[in-house]
$ cat structure-v6.cif   # mmCIF, C-alpha atoms
data_run
#
loop_
_atom_site.label_atom_id
_atom_site.label_comp_id
_atom_site.auth_asym_id
_atom_site.auth_seq_id
_atom_site.Cartn_x
_atom_site.Cartn_y
_atom_site.Cartn_z
CA MET A 1 4.40 0.88 -21.66
CA LEU A 2 7.06 3.57 -21.75
CA ASN A 3 4.43 6.12 -22.78
CA PHE A 4 2.21 5.08 -19.89
CA TYR A 5 5.11 5.51 -17.49
CA ARG A 6 5.98 8.92 -18.94
CA ASP A 7 2.37 10.11 -18.69
CA ASN A 8 1.89 8.91 -15.10
CA GLN A 9 5.40 9.03 -13.65
CA ARG A 10 4.51 11.62 -11.03
CA MET A 11 1.93 9.38 -9.38
CA ILE A 12 4.02 6.24 -9.86
CA HIS A 13 6.97 7.86 -8.07
CA LYS A 14 4.68 9.18 -5.35
CA VAL A 15 3.33 5.67 -4.66
CA LEU A 16 6.86 4.21 -4.58
CA LEU A 17 8.18 6.88 -2.21
CA ASN A 18 5.14 6.65 0.05
CA GLN A 19 5.48 2.88 0.18
CA ILE A 20 9.13 2.99 1.22
CA ALA A 21 8.60 5.85 3.71
CA ILE A 22 5.54 4.36 5.42
CA SER A 23 7.18 0.93 5.40
CA ALA A 24 10.07 2.45 7.37
CA LEU A 25 7.57 4.14 9.69
CA GLY A 26 5.79 0.82 10.19
CA LEU A 27 9.04 -0.82 11.21
CA MET A 28 9.97 2.07 13.51
CA VAL A 29 6.61 1.67 15.24
CA GLY A 30 6.35 -2.11 14.96
CA PHE A 31 9.72 -3.23 16.34
CA PRO A 32 9.53 -1.27 19.62
CA VAL A 33 5.87 -2.14 20.15
CA ASN A 34 6.65 -5.82 19.53
CA ALA A 35 9.58 -5.68 21.96
CA LEU A 36 7.55 -3.90 24.64
CA ALA A 37 4.63 -6.27 24.25
CA TYR A 38 6.94 -9.27 24.55
CA ASN A 39 9.00 -7.95 27.47
CA PHE A 40 6.04 -6.79 29.53
CA GLY A 41 3.76 -9.68 28.65
CA LEU A 42 1.11 -7.47 27.06
CA GLY A 43 -0.01 -10.10 24.56
CA GLU A 44 -0.59 -9.48 20.88
CA ILE A 45 -3.04 -6.57 21.03
CA PRO A 46 -0.29 -3.88 20.90
CA ASN A 47 1.01 -5.47 17.68
CA LEU A 48 -2.47 -5.39 16.19
CA LEU A 49 -2.96 -1.74 17.16
CA ALA A 50 0.43 -0.76 15.72
CA GLY A 51 -0.33 -2.65 12.51
CA ILE A 52 -3.75 -1.04 12.14
CA PHE A 53 -2.29 2.42 12.79
CA THR A 54 0.52 2.17 10.22
CA ALA A 55 -1.58 0.39 7.58
CA ALA A 56 -4.37 2.95 7.96
CA MET A 57 -1.87 5.77 7.65
CA TYR A 58 -0.43 4.22 4.51
CA PHE A 59 -3.81 3.69 2.89
CA PHE A 60 -4.85 7.22 3.79
CA VAL A 61 -1.68 8.68 2.25
CA LEU A 62 -2.34 6.72 -0.96
CA TYR A 63 -6.01 7.67 -0.97
CA ASP A 64 -5.17 11.34 -0.42
CA ALA A 65 -2.61 11.48 -3.23
CA PHE A 66 -4.99 9.92 -5.74
CA TRP A 67 -7.92 11.97 -4.45
CA GLU A 68 -5.97 15.15 -5.21
CA TRP A 69 -5.09 13.81 -8.66
CA GLY A 70 -8.75 13.05 -9.33
CA CYS A 71 -9.81 16.53 -8.16
CA LYS A 72 -7.84 18.05 -11.00
CA TYR A 73 -10.21 16.43 -13.46
CA ILE A 74 -13.62 17.12 -11.91
CA SER A 75 -16.25 17.05 -14.66
CA LYS A 76 -13.62 17.18 -17.43
CA LYS A 77 -13.89 14.98 -20.46
CA GLY A 78 -11.51 14.29 -23.31
CA ASP A 79 -8.66 12.09 -24.47
CA ASN A 80 -6.08 13.34 -21.95
CA VAL A 81 -8.29 12.94 -18.88
CA PRO A 82 -7.19 9.97 -16.74
CA THR A 83 -9.68 7.27 -15.84
CA VAL A 84 -10.07 5.11 -12.74
CA LYS A 85 -8.49 2.29 -14.73
CA GLN A 86 -5.47 4.49 -15.40
CA ALA A 87 -5.20 5.32 -11.70
CA PHE A 88 -5.32 1.61 -10.81
CA LEU A 89 -2.71 0.81 -13.47
CA SER A 90 -0.48 3.65 -12.22
CA ALA A 91 -0.54 2.11 -8.75
CA ALA A 92 0.05 -1.35 -10.25
CA PHE A 93 3.01 0.00 -12.22
CA ALA A 94 4.46 1.42 -9.00
CA TYR A 95 3.99 -1.98 -7.38
CA ILE A 96 6.01 -3.85 -10.04
CA PRO A 97 9.08 -4.21 -7.76
CA THR A 98 6.90 -5.41 -4.88
CA LEU A 99 5.00 -7.82 -7.11
CA PHE A 100 8.29 -9.14 -8.49
CA PHE A 101 9.52 -9.94 -4.97
CA VAL A 102 6.13 -11.45 -4.10
CA PHE A 103 6.34 -13.63 -7.22
CA VAL A 104 9.86 -14.84 -6.34
CA TYR A 105 8.74 -15.41 -2.76
CA ALA A 106 5.74 -17.43 -3.99
CA VAL A 107 7.89 -19.55 -6.31
CA SER A 108 10.39 -20.12 -3.48
CA PHE A 109 7.55 -21.06 -1.15
CA VAL A 110 5.94 -23.51 -3.58
CA ALA A 111 9.28 -25.05 -4.60
CA LYS A 112 10.48 -25.08 -0.96
CA LEU A 113 13.71 -23.30 -1.88
CA SER A 114 16.09 -21.98 0.75
CA ILE A 115 16.13 -18.49 -0.81
CA ILE A 116 12.72 -17.75 0.65
CA THR A 117 14.08 -16.00 3.77
CA PRO A 118 15.96 -13.15 2.01
CA PHE A 119 12.95 -12.33 -0.14
CA LYS A 120 10.68 -12.41 2.89
CA TRP A 121 12.91 -9.83 4.60
CA ILE A 122 13.17 -7.67 1.47
CA LEU A 123 9.38 -7.65 1.23
CA LEU A 124 9.00 -6.87 4.90
CA LEU A 125 11.71 -4.21 5.21
CA LEU A 126 11.24 -2.33 1.93
CA CYS A 127 7.68 -2.97 0.85
CA ASN A 128 5.39 -4.06 3.66
CA GLY A 129 6.80 -2.71 6.92
CA MET A 130 3.49 -0.97 7.53
CA HIS A 131 1.93 -4.42 8.01
CA PHE A 132 4.61 -5.63 10.45
CA GLY A 133 2.40 -5.32 13.53
CA SER A 134 -0.60 -6.98 11.90
CA MET A 135 1.61 -9.76 10.61
CA ASN A 136 3.05 -10.38 14.09
CA PHE A 137 -0.47 -10.47 15.50
CA LEU A 138 -1.68 -13.03 12.94
CA LEU A 139 1.44 -15.18 13.11
CA ALA A 140 1.08 -15.53 16.88
CA PHE A 141 -2.02 -17.66 16.27
CA VAL A 142 -0.70 -19.71 13.35
CA PRO A 143 1.50 -22.80 13.57
CA GLN A 144 5.09 -22.18 12.47
CA SER A 145 4.70 -24.51 9.47
CA TYR A 146 2.02 -22.20 8.00
CA SER A 147 3.73 -18.87 8.68
CA ASP A 148 5.40 -18.52 5.26
CA GLY A 149 2.10 -19.18 3.49
CA ILE A 150 0.25 -16.69 5.69
CA GLN A 151 2.91 -14.05 5.03
CA LEU A 152 2.61 -14.65 1.28
CA ILE A 153 -1.15 -14.16 1.47
CA ILE A 154 -0.67 -10.95 3.48
CA PHE A 155 1.80 -9.59 0.92
CA ILE A 156 -0.57 -10.32 -1.98
CA VAL A 157 -3.70 -8.95 -0.28
CA ALA A 158 -1.88 -5.82 0.92
CA SER A 159 -0.62 -5.07 -2.60
CA LEU A 160 -4.04 -5.52 -4.18
CA LEU A 161 -5.72 -3.50 -1.45
CA ALA A 162 -3.28 -0.62 -1.95
CA MET A 163 -4.02 -0.54 -5.70
CA LEU A 164 -7.77 -0.54 -5.01
CA VAL A 165 -7.40 2.30 -2.49
CA CYS A 166 -5.57 4.33 -5.15
CA ALA A 167 -8.35 3.75 -7.69
CA LEU A 168 -11.00 4.58 -5.09
CA GLY A 169 -9.24 7.81 -4.11
CA PHE A 170 -9.06 8.87 -7.74
CA LYS A 171 -12.69 8.01 -8.40
CA VAL A 172 -13.95 9.89 -5.34
CA GLY A 173 -11.73 12.89 -6.13
CA LYS A 174 -12.83 13.00 -9.76
CA SER A 175 -16.48 12.95 -8.68
CA GLY A 176 -15.88 16.07 -6.58
CA LYS A 177 -16.79 14.39 -3.34
CA THR A 178 -14.90 13.41 -0.23
CA MET A 179 -14.91 9.99 1.32
CA PHE A 180 -14.65 11.38 4.82
CA ALA A 181 -17.46 13.93 4.52
CA GLY A 182 -15.20 16.95 4.83
CA TYR A 183 -13.35 15.89 7.95
CA PHE A 184 -10.01 15.55 6.22
CA HIS A 185 -10.58 17.33 2.92
CA LYS A 186 -12.17 20.59 2.02
CA LYS A 187 -14.70 19.83 -0.67
CA PRO A 188 -13.33 21.32 -3.90
CA ASP A 189 -15.24 23.81 -5.98
CA LYS A 190 -15.95 22.44 -9.41
CA GLU A 191 -14.89 25.75 -10.93
CA GLN A 192 -11.56 25.64 -9.05
CA TYR A 193 -10.18 22.98 -11.38
#

$ encode --input "structure-v6.cif" --output "structure tokens"
Amino acid sequence: MLNFYRDNQRMIHKVLLNQIAISALGLMVGFPVNALAYNFGLGEIPNLLAGIFTAAMYFFVLYDAFWEWGCKYISKKGDNVPTVKQAFLSAAFAYIPTLFFVFVYAVSFVAKLSIITPFKWILLLLCNGMHFGSMNFLLAFVPQSYSDGIQLIIFIVASLLAMLVCALGFKVGKSGKTMFAGYFHKKPDKEQY
């Protein structure tokens, strides 16, 4: 496990830093949008739009980082060439703190412990701020008694989706293609790497 971390620490740190930075961005966008929507009676659509914007930005940043990593290994073979599985596991390794808090949150939720609120705020502020707007949108239509369960599901799905986006970015980059047909990336030359 230590060897895996040492071999992939650059990408693991990149995922962690991106998660914290975009989570802060999500909160900086989400709180004012939520306040404006509430104060001016705009409904829940502004929250949804803010949530989609910050989540899409986060997933694009992850995709882009792993796409670039995959581009380094276009048509290379050998023992030291990373695989899609390694890219997924690198993202999963970076998500260990998040998954730990999700696990404690899930245990607190199932056992109906009073410590659920601090872990919910840790998850929201440090790990999943980019989903703040989407979460507010969904929770507006859910009874209060189900809100903790819905938030737990959002935290789990968001973590798994982020890991899958990382693996997809690596796979597309390693194949020498772009997912967005050249709109965001210049297609790399195979001889360049």

$ atom_distance --input "structure-v6.cif" --atom1 "atom CA of Gly133 of chain A" --atom2 "atom CA of Pro32 of chain A"
10.2 Å

$ closest_residue --input "structure-v6.cif" --among "A:Phe141, A:Phe93, A:Tyr73, A:Phe101" --to "Arg6 of chain A" --atoms "all atoms listed in the file"
A:Phe93

$ closest_residue --input "structure-v6.cif" --among "A:Ile153, A:Leu25, A:Met130, A:Val81" --to "Gly51 of chain A" --atoms "only C-alpha atoms"
A:Met130

$ closest_residue --input "structure-v6.cif" --among "A:Leu49, A:Leu139, A:Leu62, A:Leu152" --to "Phe119 of chain A" --atoms "all atoms listed in the file"
A:Leu152

$ resolve_selection --input "structure-v6.cif" --expression "the PyMOL selection byres ((chain A and resi 124) around 12)" --output "JSON, numbers by chain"
{"A": [19, 20, 22, 23, 24, 26, 27, 30, 98, 101, 102, 105, 117, 118, 119, 120, 121, 122, 123, 125, 126, 127, 128, 129, 130, 131, 132, 133, 134, 135, 136, 151, 152, 154, 155, 158]}

$ closest_residue --input "structure-v6.cif" --among "A:Ser90, A:Glu44, A:Pro82, A:Met28" --to "Leu138 of chain A" --atoms "all atoms listed in the file"
A:Glu44

$ atom_distance --input "structure-v6.cif" --atom1 "atom CA of Leu160 of chain A" --atom2 "atom CA of Lys174 of chain A"
21.2 Å

$ closest_residue --input "structure-v6.cif" --among "A:Ala106, A:Ala140, A:Leu17, A:Leu2" --to "Val61 of chain A" --atoms "all atoms listed in the file"
A:Leu17

$ closest_residue --input "structure-v6.cif" --among "A:Leu42, A:Ala91, A:Val29, A:Ala37" --to "Tyr5 of chain A" --atoms "all atoms listed in the file"
A:Ala91

$ residues_around --input "structure-v6.cif" --residues "Ile12 of chain A" --least-positions-apart "2" --cutoff "7 Å" --atoms "all atoms listed in the file" --output "list in words"
Asn8, Gln9, Arg10, Lys14, Val15, Leu16, Ser90, Ala91, Phe93 and Ala94 of chain A

$ decode --input "structure-v6.cif" --residues "segment 77-192 of chain A" --atoms "C-alpha atoms" --output "PDB file, in the first residue's frame"
ATOM      1  CA  LYS A  77       3.301  -1.082 -22.867  1.00  0.00           C
ATOM      2  CA  GLY A  78       5.331  -2.514 -20.028  1.00  0.00           C
ATOM      3  CA  ASP A  79       5.405  -3.096 -16.297  1.00  0.00           C
ATOM      4  CA  ASN A  80       5.635   0.567 -15.274  1.00  0.00           C
ATOM      5  CA  VAL A  81       2.733   1.771 -17.425  1.00  0.00           C
ATOM      6  CA  PRO A  82      -0.329   2.604 -15.308  1.00  0.00           C
ATOM      7  CA  THR A  83      -3.657   0.975 -16.085  1.00  0.00           C
ATOM      8  CA  VAL A  84      -7.225   2.231 -15.810  1.00  0.00           C
ATOM      9  CA  LYS A  85      -7.519   0.154 -12.639  1.00  0.00           C
ATOM     10  CA  GLN A  86      -4.514   1.978 -11.195  1.00  0.00           C
ATOM     11  CA  ALA A  87      -6.082   5.336 -12.081  1.00  0.00           C
ATOM     12  CA  PHE A  88      -9.333   4.320 -10.349  1.00  0.00           C
ATOM     13  CA  LEU A  89      -7.415   3.093  -7.291  1.00  0.00           C
ATOM     14  CA  SER A  90      -5.390   6.328  -7.183  1.00  0.00           C
ATOM     15  CA  ALA A  91      -8.631   8.297  -7.024  1.00  0.00           C
ATOM     16  CA  ALA A  92     -10.004   5.868  -4.428  1.00  0.00           C
ATOM     17  CA  PHE A  93      -6.842   6.285  -2.352  1.00  0.00           C
ATOM     18  CA  ALA A  94      -7.298  10.058  -2.480  1.00  0.00           C
ATOM     19  CA  TYR A  95     -10.888   9.587  -1.345  1.00  0.00           C
ATOM     20  CA  ILE A  96      -9.943   7.617   1.793  1.00  0.00           C
ATOM     21  CA  PRO A  97     -10.557  10.611   4.126  1.00  0.00           C
ATOM     22  CA  THR A  98     -13.903  11.316   2.457  1.00  0.00           C
ATOM     23  CA  LEU A  99     -14.919   7.660   2.567  1.00  0.00           C
ATOM     24  CA  PHE A 100     -13.928   7.501   6.235  1.00  0.00           C
ATOM     25  CA  PHE A 101     -16.233  10.416   7.051  1.00  0.00           C
ATOM     26  CA  VAL A 102     -18.984   8.884   4.901  1.00  0.00           C
ATOM     27  CA  PHE A 103     -18.587   5.605   6.797  1.00  0.00           C
ATOM     28  CA  VAL A 104     -18.812   7.340  10.198  1.00  0.00           C
ATOM     29  CA  TYR A 105     -21.774   9.351   8.938  1.00  0.00           C
ATOM     30  CA  ALA A 106     -23.479   6.138   7.754  1.00  0.00           C
ATOM     31  CA  VAL A 107     -22.878   4.380  11.080  1.00  0.00           C
ATOM     32  CA  SER A 108     -24.170   7.440  12.947  1.00  0.00           C
ATOM     33  CA  PHE A 109     -27.219   7.540  10.690  1.00  0.00           C
ATOM     34  CA  VAL A 110     -28.037   3.849  11.098  1.00  0.00           C
ATOM     35  CA  ALA A 111     -27.411   3.884  14.861  1.00  0.00           C
ATOM     36  CA  LYS A 112     -29.249   7.228  15.223  1.00  0.00           C
ATOM     37  CA  LEU A 113     -26.323   8.770  17.110  1.00  0.00           C
ATOM     38  CA  SER A 114     -26.175  12.467  17.905  1.00  0.00           C
ATOM     39  CA  ILE A 115     -22.705  12.831  16.352  1.00  0.00           C
ATOM     40  CA  ILE A 116     -24.212  12.743  12.875  1.00  0.00           C
ATOM     41  CA  THR A 117     -24.387  16.548  12.517  1.00  0.00           C
ATOM     42  CA  PRO A 118     -20.638  17.306  12.861  1.00  0.00           C
ATOM     43  CA  PHE A 119     -19.748  14.642  10.318  1.00  0.00           C
ATOM     44  CA  LYS A 120     -22.404  15.923   7.942  1.00  0.00           C
ATOM     45  CA  TRP A 121     -20.847  19.400   8.111  1.00  0.00           C
ATOM     46  CA  ILE A 122     -17.304  18.053   7.723  1.00  0.00           C
ATOM     47  CA  LEU A 123     -18.414  16.165   4.618  1.00  0.00           C
ATOM     48  CA  LEU A 124     -20.209  19.176   3.236  1.00  0.00           C
ATOM     49  CA  LEU A 125     -17.579  21.825   4.001  1.00  0.00           C
ATOM     50  CA  LEU A 126     -14.384  19.909   3.198  1.00  0.00           C
ATOM     51  CA  CYS A 127     -15.382  17.184   0.782  1.00  0.00           C
ATOM     52  CA  ASN A 128     -18.641  17.841  -1.026  1.00  0.00           C
ATOM     53  CA  GLY A 129     -19.178  21.593  -1.159  1.00  0.00           C
ATOM     54  CA  MET A 130     -19.403  21.342  -4.933  1.00  0.00           C
ATOM     55  CA  HIS A 131     -22.702  19.472  -4.461  1.00  0.00           C
ATOM     56  CA  PHE A 132     -24.165  22.039  -2.033  1.00  0.00           C
ATOM     57  CA  GLY A 133     -26.550  23.559  -4.571  1.00  0.00           C
ATOM     58  CA  SER A 134     -27.758  20.206  -5.879  1.00  0.00           C
ATOM     59  CA  MET A 135     -28.234  18.976  -2.337  1.00  0.00           C
ATOM     60  CA  ASN A 136     -30.320  22.039  -1.433  1.00  0.00           C
ATOM     61  CA  PHE A 137     -32.420  21.489  -4.545  1.00  0.00           C
ATOM     62  CA  LEU A 138     -33.106  17.832  -3.724  1.00  0.00           C
ATOM     63  CA  LEU A 139     -33.712  18.417  -0.022  1.00  0.00           C
ATOM     64  CA  ALA A 140     -36.377  21.015  -0.805  1.00  0.00           C
ATOM     65  CA  PHE A 141     -38.582  18.198  -2.122  1.00  0.00           C
ATOM     66  CA  VAL A 142     -37.836  15.618   0.580  1.00  0.00           C
ATOM     67  CA  PRO A 143     -39.458  15.418   4.013  1.00  0.00           C
ATOM     68  CA  GLN A 144     -37.134  16.464   6.848  1.00  0.00           C
ATOM     69  CA  SER A 145     -37.120  12.936   8.290  1.00  0.00           C
ATOM     70  CA  TYR A 146     -35.457  11.606   5.104  1.00  0.00           C
ATOM     71  CA  SER A 147     -32.907  14.383   4.621  1.00  0.00           C
ATOM     72  CA  ASP A 148     -30.011  12.655   6.416  1.00  0.00           C
ATOM     73  CA  GLY A 149     -30.509   9.502   4.356  1.00  0.00           C
ATOM     74  CA  ILE A 150     -30.680  11.472   1.104  1.00  0.00           C
ATOM     75  CA  GLN A 151     -27.492  13.338   2.010  1.00  0.00           C
ATOM     76  CA  LEU A 152     -25.737  10.037   2.755  1.00  0.00           C
ATOM     77  CA  ILE A 153     -26.756   8.701  -0.654  1.00  0.00           C
ATOM     78  CA  ILE A 154     -25.513  11.898  -2.330  1.00  0.00           C
ATOM     79  CA  PHE A 155     -22.147  11.638  -0.553  1.00  0.00           C
ATOM     80  CA  ILE A 156     -21.699   7.998  -1.611  1.00  0.00           C
ATOM     81  CA  VAL A 157     -22.804   8.509  -5.229  1.00  0.00           C
ATOM     82  CA  ALA A 158     -20.671  11.650  -5.607  1.00  0.00           C
ATOM     83  CA  SER A 159     -17.567   9.828  -4.346  1.00  0.00           C
ATOM     84  CA  LEU A 160     -18.068   6.857  -6.656  1.00  0.00           C
ATOM     85  CA  LEU A 161     -18.844   9.105  -9.609  1.00  0.00           C
ATOM     86  CA  ALA A 162     -15.648  11.107  -9.036  1.00  0.00           C
ATOM     87  CA  MET A 163     -13.563   7.904  -9.031  1.00  0.00           C
ATOM     88  CA  LEU A 164     -15.232   6.739 -12.250  1.00  0.00           C
ATOM     89  CA  VAL A 165     -14.598  10.114 -13.909  1.00  0.00           C
ATOM     90  CA  CYS A 166     -10.907   9.795 -13.008  1.00  0.00           C
ATOM     91  CA  ALA A 167     -10.710   6.312 -14.546  1.00  0.00           C
ATOM     92  CA  LEU A 168     -12.577   7.497 -17.645  1.00  0.00           C
ATOM     93  CA  GLY A 169     -10.261  10.480 -18.087  1.00  0.00           C
ATOM     94  CA  PHE A 170      -7.222   8.228 -17.860  1.00  0.00           C
ATOM     95  CA  LYS A 171      -8.665   5.691 -20.289  1.00  0.00           C
ATOM     96  CA  VAL A 172      -9.594   8.325 -22.875  1.00  0.00           C
ATOM     97  CA  GLY A 173      -6.214  10.049 -22.503  1.00  0.00           C
ATOM     98  CA  LYS A 174      -4.285   6.794 -22.830  1.00  0.00           C
ATOM     99  CA  SER A 175      -6.205   5.953 -26.007  1.00  0.00           C
ATOM    100  CA  GLY A 176      -5.032   9.234 -27.554  1.00  0.00           C
ATOM    101  CA  LYS A 177      -8.519  10.587 -27.975  1.00  0.00           C
ATOM    102  CA  THR A 178     -10.488  13.410 -26.448  1.00  0.00           C
ATOM    103  CA  MET A 179     -13.893  13.080 -24.902  1.00  0.00           C
ATOM    104  CA  PHE A 180     -14.941  16.526 -26.040  1.00  0.00           C
ATOM    105  CA  ALA A 181     -13.860  16.156 -29.673  1.00  0.00           C
ATOM    106  CA  GLY A 182     -11.122  18.754 -29.473  1.00  0.00           C
ATOM    107  CA  TYR A 183     -13.168  21.538 -27.931  1.00  0.00           C
ATOM    108  CA  PHE A 184     -11.242  21.560 -24.677  1.00  0.00           C
ATOM    109  CA  HIS A 185      -8.138  19.543 -25.520  1.00  0.00           C
ATOM    110  CA  LYS A 186      -5.780  19.576 -28.415  1.00  0.00           C
ATOM    111  CA  LYS A 187      -5.531  16.008 -29.628  1.00  0.00           C
ATOM    112  CA  PRO A 188      -2.039  14.796 -28.717  1.00  0.00           C
ATOM    113  CA  ASP A 189       0.379  13.429 -31.260  1.00  0.00           C
ATOM    114  CA  LYS A 190       1.247   9.847 -30.511  1.00  0.00           C
ATOM    115  CA  GLU A 191       4.910  10.624 -31.134  1.00  0.00           C
ATOM    116  CA  GLN A 192       4.793  13.530 -28.655  1.00  0.00           C
TER     117      GLN A 192
END
